[in-house]
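Content type mmCIF, C-alpha atoms, from the file final_30.cif:
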data_structure
loop_
_atom_site.group_PDB
_atom_site.id
_atom_site.type_symbol
_atom_site.label_atom_id
_atom_site.label_comp_id
_atom_site.auth_asym_id
_atom_site.auth_seq_id
_atom_site.Cartn_x
_atom_site.Cartn_y
_atom_site.Cartn_z
ATOM 1 C CA MET A 29 131.752 28.448 124.992
ATOM 2 C CA ARG A 30 133.860 25.346 125.212
ATOM 3 C CA TRP A 31 133.724 24.902 121.399
ATOM 4 C CA ILE A 32 134.928 28.443 120.853
ATOM 5 C CA ARG A 33 137.929 27.884 123.156
ATOM 6 C CA LEU A 34 138.723 24.621 121.380
ATOM 7 C CA ILE A 35 138.571 26.266 117.955
ATOM 8 C CA VAL A 36 140.707 29.221 119.058
ATOM 9 C CA PHE A 37 143.209 26.849 120.707
ATOM 10 C CA SER A 38 143.334 24.679 117.559
ATOM 11 C CA LEU A 39 143.887 27.699 115.345
ATOM 12 C CA GLY A 40 146.685 28.798 117.651
ATOM 13 C CA LEU A 41 148.424 25.473 117.090
ATOM 14 C CA LEU A 42 147.931 25.537 113.321
ATOM 15 C CA ALA A 43 149.095 29.102 112.712
ATOM 16 C CA PRO A 44 152.785 28.430 113.535
ATOM 17 C CA ALA A 45 152.733 25.353 111.279
ATOM 18 C CA ALA A 46 151.302 27.411 108.417
ATOM 19 C CA LEU A 47 153.894 30.141 108.981
ATOM 20 C CA PHE A 48 156.656 27.515 109.077
ATOM 21 C CA GLY A 49 155.393 26.133 105.744
ATOM 22 C CA MET A 50 155.446 29.599 104.152
ATOM 23 C CA ALA A 51 158.930 30.259 105.534
ATOM 24 C CA LEU A 52 160.108 26.890 104.218
ATOM 25 C CA GLU A 53 158.757 27.706 100.729
ATOM 26 C CA ALA A 54 160.528 31.096 100.752
ATOM 27 C CA GLN A 55 163.758 29.523 101.959
ATOM 28 C CA ALA A 56 163.481 26.742 99.369
ATOM 29 C CA THR A 57 164.177 29.133 96.532
ATOM 30 C CA LEU A 58 167.365 30.271 98.287
ATOM 31 C CA GLU A 59 168.918 26.866 98.954
ATOM 32 C CA GLY A 60 168.230 25.004 95.695
ATOM 33 C CA THR A 61 170.144 24.393 92.499
ATOM 34 C CA GLY A 62 169.399 27.743 90.902
ATOM 35 C CA LEU A 63 167.806 25.980 87.926
ATOM 36 C CA PRO A 64 164.560 27.489 86.641
ATOM 37 C CA LEU A 65 161.331 26.722 88.476
ATOM 38 C CA PRO A 66 159.018 25.188 87.563
ATOM 39 C CA ARG A 67 160.760 22.599 85.358
ATOM 40 C CA PHE A 68 160.007 19.074 84.202
ATOM 41 C CA VAL A 69 162.086 16.030 85.126
ATOM 42 C CA SER A 70 161.309 12.320 85.432
ATOM 43 C CA LEU A 71 161.401 9.657 88.138
ATOM 44 C CA ARG A 72 164.694 7.760 88.162
ATOM 45 C CA ALA A 73 163.518 4.554 89.878
ATOM 46 C CA ASP A 74 160.641 2.051 89.848
ATOM 47 C CA GLU A 75 159.795 2.986 93.435
ATOM 48 C CA VAL A 76 159.907 6.609 94.611
ATOM 49 C CA ASN A 77 158.541 7.902 97.920
ATOM 50 C CA MET A 78 156.770 11.256 97.956
ATOM 51 C CA ARG A 79 156.878 12.796 101.420
ATOM 52 C CA ALA A 80 154.877 15.468 103.244
ATOM 53 C CA GLY A 81 158.020 17.576 103.751
ATOM 54 C CA PRO A 82 161.677 17.849 102.727
ATOM 55 C CA GLY A 83 163.277 15.123 104.826
ATOM 56 C CA ILE A 84 163.075 11.471 105.819
ATOM 57 C CA GLN A 85 161.442 12.459 109.114
ATOM 58 C CA TYR A 86 158.286 13.442 107.182
ATOM 59 C CA PRO A 87 155.690 10.752 106.485
ATOM 60 C CA ILE A 88 155.448 9.093 103.087
ATOM 61 C CA GLU A 89 152.239 10.277 101.431
ATOM 62 C CA TRP A 90 152.531 8.406 98.150
ATOM 63 C CA VAL A 91 154.738 5.798 96.486
ATOM 64 C CA TYR A 92 155.237 5.997 92.725
ATOM 65 C CA HIS A 93 155.793 2.690 90.921
ATOM 66 C CA HIS A 94 156.662 3.923 87.441
ATOM 67 C CA GLN A 95 160.194 4.761 86.368
ATOM 68 C CA ASN A 96 160.428 7.670 83.877
ATOM 69 C CA LEU A 97 157.101 9.176 84.936
ATOM 70 C CA PRO A 98 157.227 12.931 84.228
ATOM 71 C CA VAL A 99 156.961 15.260 87.226
ATOM 72 C CA GLU A 100 157.269 19.009 87.593
ATOM 73 C CA VAL A 101 159.719 20.463 90.130
ATOM 74 C CA ILE A 102 157.977 23.445 91.711
ATOM 75 C CA SER A 103 160.270 24.170 94.680
ATOM 76 C CA GLU A 104 163.632 23.173 96.147
ATOM 77 C CA TYR A 105 165.074 22.856 99.645
ATOM 78 C CA GLN A 106 168.648 21.628 99.932
ATOM 79 C CA THR A 107 168.641 18.101 98.423
ATOM 80 C CA TRP A 108 164.836 17.868 98.331
ATOM 81 C CA ARG A 109 162.527 18.773 95.442
ATOM 82 C CA LYS A 110 158.849 19.577 95.764
ATOM 83 C CA ILE A 111 157.146 17.976 92.791
ATOM 84 C CA ARG A 112 153.725 17.957 91.172
ATOM 85 C CA ASP A 113 152.520 15.006 89.129
ATOM 86 C CA TRP A 114 150.171 14.962 86.142
ATOM 87 C CA GLU A 115 147.146 14.531 88.408
ATOM 88 C CA GLY A 116 148.076 17.543 90.569
ATOM 89 C CA SER A 117 149.421 15.690 93.633
ATOM 90 C CA GLN A 118 152.295 17.497 95.344
ATOM 91 C CA GLY A 119 155.000 16.423 97.766
ATOM 92 C CA TRP A 120 158.723 16.178 98.405
ATOM 93 C CA VAL A 121 161.179 13.765 96.768
ATOM 94 C CA HIS A 122 164.924 13.424 97.261
ATOM 95 C CA GLN A 123 166.934 14.720 94.298
ATOM 96 C CA SER A 124 168.598 11.310 93.824
ATOM 97 C CA MET A 125 165.204 9.902 92.764
ATOM 98 C CA LEU A 126 164.875 12.389 89.868
ATOM 99 C CA ALA A 127 166.496 12.416 86.427
ATOM 100 C CA GLY A 128 166.873 15.225 83.903
ATOM 101 C CA ARG A 129 165.438 12.991 81.163
ATOM 102 C CA ARG A 130 162.310 14.575 79.671
ATOM 103 C CA THR A 131 159.291 12.335 79.378
ATOM 104 C CA VAL A 132 155.565 12.793 78.748
ATOM 105 C CA ILE A 133 152.357 11.031 79.777
ATOM 106 C CA VAL A 134 149.321 10.748 77.529
ATOM 107 C CA THR A 135 146.228 12.392 79.002
ATOM 108 C CA GLY A 136 142.540 12.183 78.199
ATOM 109 C CA LYS A 137 141.451 9.495 75.786
ATOM 110 C CA THR A 138 143.342 7.353 73.278
ATOM 111 C CA ARG A 139 145.579 9.551 71.096
ATOM 112 C CA THR A 140 147.052 9.119 67.626
ATOM 113 C CA LEU A 141 150.805 9.445 67.169
ATOM 114 C CA ARG A 142 151.355 11.017 63.731
ATOM 115 C CA GLU A 143 154.210 10.848 61.237
ATOM 116 C CA GLY A 144 154.384 14.648 60.992
ATOM 117 C CA PRO A 145 153.150 17.676 62.962
ATOM 118 C CA ASP A 146 149.776 17.794 61.250
ATOM 119 C CA ALA A 147 146.373 16.221 61.993
ATOM 120 C CA LYS A 148 146.252 14.931 58.388
ATOM 121 C CA SER A 149 149.644 13.237 58.647
ATOM 122 C CA PRO A 150 149.600 9.396 58.546
ATOM 123 C CA PRO A 151 149.160 7.646 61.919
ATOM 124 C CA GLN A 152 152.154 5.875 63.486
ATOM 125 C CA ALA A 153 150.517 4.364 66.587
ATOM 126 C CA ARG A 154 147.542 4.625 68.949
ATOM 127 C CA LEU A 155 148.460 5.657 72.488
ATOM 128 C CA GLU A 156 146.331 4.867 75.534
ATOM 129 C CA LYS A 157 145.808 7.280 78.424
ATOM 130 C CA GLY A 158 148.692 6.892 80.870
ATOM 131 C CA ALA A 159 151.274 5.789 78.293
ATOM 132 C CA VAL A 160 154.711 7.234 79.102
ATOM 133 C CA GLY A 161 157.180 8.161 76.381
ATOM 134 C CA SER A 162 160.265 10.296 75.759
ATOM 135 C CA LEU A 163 160.096 13.932 74.703
ATOM 136 C CA ILE A 164 162.320 14.553 71.670
ATOM 137 C CA GLU A 165 161.527 18.134 70.633
ATOM 138 C CA CYS A 166 158.935 20.896 70.725
ATOM 139 C CA PRO A 167 160.037 23.301 67.993
ATOM 140 C CA GLY A 168 157.647 26.129 68.759
ATOM 141 C CA THR A 169 154.371 27.164 70.273
ATOM 142 C CA THR A 170 152.746 28.169 66.979
ATOM 143 C CA THR A 171 152.329 24.614 65.697
ATOM 144 C CA GLY A 172 151.252 23.108 69.011
ATOM 145 C CA TRP A 173 153.009 19.812 68.190
ATOM 146 C CA CYS A 174 155.930 17.981 69.822
ATOM 147 C CA LYS A 175 157.983 15.028 68.647
ATOM 148 C CA VAL A 176 157.872 12.098 71.066
ATOM 149 C CA ARG A 177 158.912 8.437 71.243
ATOM 150 C CA PHE A 178 156.897 5.566 72.707
ATOM 151 C CA ASP A 179 158.885 2.327 72.591
ATOM 152 C CA ASP A 180 159.841 1.839 68.904
ATOM 153 C CA HIS A 181 157.404 4.464 67.596
ATOM 154 C CA ALA A 182 158.540 8.056 67.110
ATOM 155 C CA GLY A 183 156.127 10.667 65.879
ATOM 156 C CA TRP A 184 154.204 13.829 66.649
ATOM 157 C CA LEU A 185 151.536 14.611 69.258
ATOM 158 C CA ARG A 186 149.684 17.826 69.976
ATOM 159 C CA ARG A 187 150.714 19.481 73.256
ATOM 160 C CA VAL A 188 147.135 19.243 74.511
ATOM 161 C CA ASP A 189 147.268 15.426 74.225
ATOM 162 C CA PHE A 190 149.949 14.905 76.877
ATOM 163 C CA TRP A 191 151.487 16.322 80.069
ATOM 164 C CA GLY A 192 155.193 17.013 80.506
ATOM 165 C CA VAL A 193 155.962 20.271 78.693
ATOM 166 C CA HIS A 194 154.980 23.858 79.408
ATOM 167 C CA SER A 195 152.656 25.547 76.912
ATOM 168 C CA VAL A 196 155.244 28.139 75.849
ATOM 169 C CA GLU A 197 158.306 25.918 76.103
ATOM 170 C CA VAL A 198 160.548 25.411 73.074
ATOM 171 C CA LEU A 199 162.719 22.300 73.155
ATOM 172 C CA ARG A 200 165.161 21.371 70.389
#

Take the structure I supplied and represent it as structure tokens, if you would.
Amino acid sequence: MRWIRLIVFSLGLLAPAALFGMALEAQATLEGTGLPLPRFVSLRADEVNMRAGPGIQYPIEWVYHHQNLPVEVISEYQTWRKIRDWEGSQGWVHQSMLAGRRTVIVTGKTRTLREGPDAKSPPQARLEKGAVGSLIECPGTTTGWCKVRFDDHAGWLRRVDFWGVHSVEVLR
């Protein structure tokens, strides 16, 4: 009987927190920039704190140590952005730590950067998993290729070989 009371009491404490979280998510869409959600951006600094909620009073859950890492903004609340990284982790980051620069991160195994948007096109470079580069263009969804730059090497990668662009997104 004591366990049942404890569980009911615990659920009573958690329910308001869950409702507050849902209310915060609903309010977030009303007090943001008005830019489309979700959208990709990148980390502006070498050290960026991801927090449990939209404010400095919330605990830091993760610290990113990679400038230009692509992240996806999935919600907004005043000056705070809820982001998702390429591994699926989510949390809140202050807008000053984000840049509009579009970047990508190589996923899976080692990938081949090609001279043109074709698997038979000559190779430009080999890219290891986790390599971060700049997104130049994604002309259409029919080809499945995007032009990217990694250091001094510009070329083409298939959309399925990296994270940082939506599957139906066209970028020129």

What does the PyMOL selection byres ((chain A and resi 81) around 9) select in this file, as a PyMOL selection string? chain A and resi 78-80+82-88+108+110+119-121

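In terms of minimum interatomic distance to Ala182 in chain A, A:Glu165 ranks closest within A:Glu165, A:Glu156, A:Glu100, A:Glu197, counting only C-alpha atoms.
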
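Take CA of Ser70 in chain A and CA of Asp189 in chain A: the distance between them is 18.2 Å.
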
Ground truth for the PyMOL selection byres ((chain A and resi 190) around 12), written as an NGL selection string: :A and (98 or 114-115 or 131-141 or 155-163 or 172-176 or 184-189 or 191-195)

Write the selection just made, keeping C-alpha atoms, as a PDB file, in the coordinates of the input?
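Output contents, as saved in selection08.pdb:
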ATOM      1  CA  PRO A  98     157.227  12.931  84.228  1.00  0.00           C
ATOM      2  CA  TRP A 114     150.171  14.962  86.142  1.00  0.00           C
ATOM      3  CA  GLU A 115     147.146  14.531  88.408  1.00  0.00           C
ATOM      4  CA  THR A 131     159.291  12.335  79.378  1.00  0.00           C
ATOM      5  CA  VAL A 132     155.565  12.793  78.748  1.00  0.00           C
ATOM      6  CA  ILE A 133     152.357  11.031  79.777  1.00  0.00           C
ATOM      7  CA  VAL A 134     149.321  10.748  77.529  1.00  0.00           C
ATOM      8  CA  THR A 135     146.228  12.392  79.002  1.00  0.00           C
ATOM      9  CA  GLY A 136     142.540  12.183  78.199  1.00  0.00           C
ATOM     10  CA  LYS A 137     141.451   9.495  75.786  1.00  0.00           C
ATOM     11  CA  THR A 138     143.342   7.353  73.278  1.00  0.00           C
ATOM     12  CA  ARG A 139     145.579   9.551  71.096  1.00  0.00           C
ATOM     13  CA  THR A 140     147.052   9.119  67.626  1.00  0.00           C
ATOM     14  CA  LEU A 141     150.805   9.445  67.169  1.00  0.00           C
ATOM     15  CA  LEU A 155     148.460   5.657  72.488  1.00  0.00           C
ATOM     16  CA  GLU A 156     146.331   4.867  75.534  1.00  0.00           C
ATOM     17  CA  LYS A 157     145.808   7.280  78.424  1.00  0.00           C
ATOM     18  CA  GLY A 158     148.692   6.892  80.870  1.00  0.00           C
ATOM     19  CA  ALA A 159     151.274   5.789  78.293  1.00  0.00           C
ATOM     20  CA  VAL A 160     154.711   7.234  79.102  1.00  0.00           C
ATOM     21  CA  GLY A 161     157.180   8.161  76.381  1.00  0.00           C
ATOM     22  CA  SER A 162     160.265  10.296  75.759  1.00  0.00           C
ATOM     23  CA  LEU A 163     160.096  13.932  74.703  1.00  0.00           C
ATOM     24  CA  GLY A 172     151.252  23.108  69.011  1.00  0.00           C
ATOM     25  CA  TRP A 173     153.009  19.812  68.190  1.00  0.00           C
ATOM     26  CA  CYS A 174     155.930  17.981  69.822  1.00  0.00           C
ATOM     27  CA  LYS A 175     157.983  15.028  68.647  1.00  0.00           C
ATOM     28  CA  VAL A 176     157.872  12.098  71.066  1.00  0.00           C
ATOM     29  CA  TRP A 184     154.204  13.829  66.649  1.00  0.00           C
ATOM     30  CA  LEU A 185     151.536  14.611  69.258  1.00  0.00           C
ATOM     31  CA  ARG A 186     149.684  17.826  69.976  1.00  0.00           C
ATOM     32  CA  ARG A 187     150.714  19.481  73.256  1.00  0.00           C
ATOM     33  CA  VAL A 188     147.135  19.243  74.511  1.00  0.00           C
ATOM     34  CA  ASP A 189     147.268  15.426  74.225  1.00  0.00           C
ATOM     35  CA  TRP A 191     151.487  16.322  80.069  1.00  0.00           C
ATOM     36  CA  GLY A 192     155.193  17.013  80.506  1.00  0.00           C
ATOM     37  CA  VAL A 193     155.962  20.271  78.693  1.00  0.00           C
ATOM     38  CA  HIS A 194     154.980  23.858  79.408  1.00  0.00           C
ATOM     39  CA  SER A 195     152.656  25.547  76.912  1.00  0.00           C
TER      40      SER A 195
END

For the PyMOL selection byres ((chain A and resi 72) around 10), applied here, can you spell out every residue it catches as a VMD selection string? chain A and resid 69 to 71 73 to 76 94 to 98 123 to 129

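We find CA of Asp113 in chain A and CA of Val198 in chain A to be spaced 20.7 Å apart.
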
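For the residues A:Arg130, A:Arg200, A:Arg67, A:His93, ranking by smallest atom-to-atom distance to Cys166 in chain A using all atoms listed in the file places A:Arg200 first.
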
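Rounded to one decimal, CA of Leu63 in chain A and CA of Arg112 in chain A lie 16.5 Å from each other.
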